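Each remark here refers to the structure printed beneath this line.
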Amino acid sequence: MTCPWCEFAADPAALHAHLGETHGDEVRFSERNGKVFYQIVCPICDARYEHLVRKAARDPEFLAGFARQIQMVALDMLVHHLMAEHEMADEPGTGE
């Protein structure tokens, strides 16, 4: 699989680790109506995955302590999306 943001190519597990190390900032956090959400957007098709962070509403410190783990969950969703929707090729730079 090829990283959708750069030329890195590896198996899904190594791609997931790469995304966390290099592109974790692609996971966005937002607040609406007192609730906190995380979101990841596919750079290929602009599909958005957003999920409520339930504990963050009750505990303001939760996000500070668990942001990295939440990023990894979102990036895992992206890897699965890339495999299912884009059938990512093994060759770097193909994007499909």
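Ordering of the structure tokens sets the chain letters (A, B, ...); residue numbers start at 1 within each chain; ligands are numbered from 1 in the order shown.
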
Using only C-alpha atoms, which residues sit within 10 Å of Gly34 of chain A once same-chain residues fewer than 2 positions away are excluded, as a list in words?
->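 So the residues in contact are Ser30, Glu31, Arg32, Val36, Ala56, Ala57 and Arg58 of chain A.
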
Those same residues, written as a PDB file, in the first residue's frame with C-alpha atoms?
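out-v5.pdb, written as the output of this step:
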```pdb
ATOM      1  CA  SER A  30     -13.472  19.823  16.784  1.00  0.00           C
ATOM      2  CA  GLU A  31     -16.106  20.823  19.308  1.00  0.00           C
ATOM      3  CA  ARG A  32     -19.771  21.433  18.612  1.00  0.00           C
ATOM      4  CA  VAL A  36     -15.811  16.744  20.943  1.00  0.00           C
ATOM      5  CA  ALA A  56     -14.089  14.220  26.285  1.00  0.00           C
ATOM      6  CA  ALA A  57     -17.399  15.924  27.018  1.00  0.00           C
ATOM      7  CA  ARG A  58     -17.348  14.704  30.633  1.00  0.00           C
TER       8      ARG A  58
END
```

As a VMD selection string, which residues of segment 7-65 of chain A does DSSP assign to alpha helix (DSSP H)?
-> chain A and resid 12 to 22 54 to 58 62 to 65

Put those residues in a file: C-alpha atoms, as a short mmCIF file (atom, residue, chain, number, x, y, z; two decimals), in the first residue's frame.
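To be explicit, this is the file written out as result_13.cif:
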```
data_model
loop_
_atom_site.label_atom_id
_atom_site.label_comp_id
_atom_site.auth_asym_id
_atom_site.auth_seq_id
_atom_site.Cartn_x
_atom_site.Cartn_y
_atom_site.Cartn_z
CA PRO A 12 -1.15 -2.15 5.93
CA ALA A 13 0.31 -2.47 9.45
CA ALA A 14 3.49 -0.59 8.54
CA LEU A 15 1.46 2.01 6.65
CA HIS A 16 -0.68 2.53 9.75
CA ALA A 17 2.45 3.08 11.86
CA HIS A 18 3.85 5.48 9.22
CA LEU A 19 0.62 7.47 9.15
CA GLY A 20 0.74 7.85 12.93
CA GLU A 21 4.37 8.92 12.96
CA THR A 22 4.28 11.22 9.94
CA ARG A 54 -17.80 10.65 24.40
CA LYS A 55 -15.47 10.84 27.38
CA ALA A 56 -14.09 14.22 26.28
CA ALA A 57 -17.40 15.92 27.02
CA ARG A 58 -17.35 14.70 30.63
CA PHE A 62 -9.33 13.26 28.41
CA LEU A 63 -8.39 14.58 24.99
CA ALA A 64 -5.01 15.83 26.18
CA GLY A 65 -4.19 12.41 27.60
#
```

Atom-to-atom span, atom CA of Met1 of chain A and atom CA of Phe66 of chain A, Å =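 Between atom CA of Met1 of chain A and atom CA of Phe66 of chain A the gap works out to 27.4 Å.
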
Those in chain A with strand (DSSP E) from DSSP, as a PyMOL selection string | chain A and resi 28-32+35-41+48-52

Same residues, N, CA and C atoms, saved as an mmCIF file, in the first residue's frame:
```
data_model
loop_
_atom_site.group_PDB
_atom_site.id
_atom_site.type_symbol
_atom_site.label_atom_id
_atom_site.label_comp_id
_atom_site.auth_asym_id
_atom_site.auth_seq_id
_atom_site.Cartn_x
_atom_site.Cartn_y
_atom_site.Cartn_z
ATOM 1 N N ARG A 28 -8.246 15.608 12.734
ATOM 2 C CA ARG A 28 -8.698 16.889 13.285
ATOM 3 C C ARG A 28 -9.651 16.652 14.452
ATOM 4 N N PHE A 29 -9.568 17.534 15.420
ATOM 5 C CA PHE A 29 -10.488 17.520 16.555
ATOM 6 C C PHE A 29 -11.322 18.787 16.491
ATOM 7 N N SER A 30 -12.598 18.651 16.787
ATOM 8 C CA SER A 30 -13.472 19.823 16.784
ATOM 9 C C SER A 30 -14.493 19.685 17.906
ATOM 10 N N GLU A 31 -15.085 20.812 18.261
ATOM 11 C CA GLU A 31 -16.106 20.823 19.308
ATOM 12 C C GLU A 31 -17.350 21.504 18.763
ATOM 13 N N ARG A 32 -18.482 20.866 18.991
ATOM 14 C CA ARG A 32 -19.771 21.433 18.612
ATOM 15 C C ARG A 32 -20.769 21.128 19.706
ATOM 16 N N LYS A 35 -19.714 19.024 22.588
ATOM 17 C CA LYS A 35 -19.250 17.663 22.304
ATOM 18 C C LYS A 35 -17.989 17.742 21.446
ATOM 19 N N VAL A 36 -17.084 16.785 21.667
ATOM 20 C CA VAL A 36 -15.811 16.744 20.943
ATOM 21 C C VAL A 36 -15.870 15.605 19.919
ATOM 22 N N PHE A 37 -15.377 15.890 18.714
ATOM 23 C CA PHE A 37 -15.354 14.917 17.631
ATOM 24 C C PHE A 37 -13.947 14.817 17.068
ATOM 25 N N TYR A 38 -13.610 13.641 16.516
ATOM 26 C CA TYR A 38 -12.403 13.539 15.704
ATOM 27 C C TYR A 38 -12.846 13.250 14.278
ATOM 28 N N GLN A 39 -12.018 13.672 13.327
ATOM 29 C CA GLN A 39 -12.357 13.515 11.923
ATOM 30 C C GLN A 39 -11.102 13.237 11.112
ATOM 31 N N ILE A 40 -11.240 12.351 10.143
ATOM 32 C CA ILE A 40 -10.186 12.110 9.161
ATOM 33 C C ILE A 40 -10.849 12.199 7.787
ATOM 34 N N VAL A 41 -10.146 12.820 6.841
ATOM 35 C CA VAL A 41 -10.647 12.983 5.483
ATOM 36 C C VAL A 41 -9.728 12.231 4.532
ATOM 37 N N ARG A 48 -15.295 11.678 4.386
ATOM 38 C CA ARG A 48 -15.020 12.085 5.762
ATOM 39 C C ARG A 48 -15.549 11.033 6.734
ATOM 40 N N TYR A 49 -14.715 10.741 7.723
ATOM 41 C CA TYR A 49 -15.141 9.875 8.813
ATOM 42 C C TYR A 49 -15.035 10.713 10.071
ATOM 43 N N GLU A 50 -16.148 10.824 10.778
ATOM 44 C CA GLU A 50 -16.182 11.623 12.002
ATOM 45 C C GLU A 50 -16.820 10.792 13.098
ATOM 46 N N HIS A 51 -16.279 10.930 14.303
ATOM 47 C CA HIS A 51 -16.804 10.155 15.419
ATOM 48 C C HIS A 51 -16.757 10.995 16.700
ATOM 49 N N LEU A 52 -17.753 10.820 17.509
ATOM 50 C CA LEU A 52 -17.854 11.494 18.793
ATOM 51 C C LEU A 52 -16.865 10.890 19.791
#
```

Proximity to Gly24 of chain A - best of A:Glu87, A:Val53, A:Trp5, A:Cys45, only C-alpha atoms = A:Trp5

Using only C-alpha atoms, pick whichever of A:Cys42, A:Asn33, A:Glu7, A:Thr2 has the shortest atom-to-atom distance to Leu75 of chain A.
-> A:Cys42
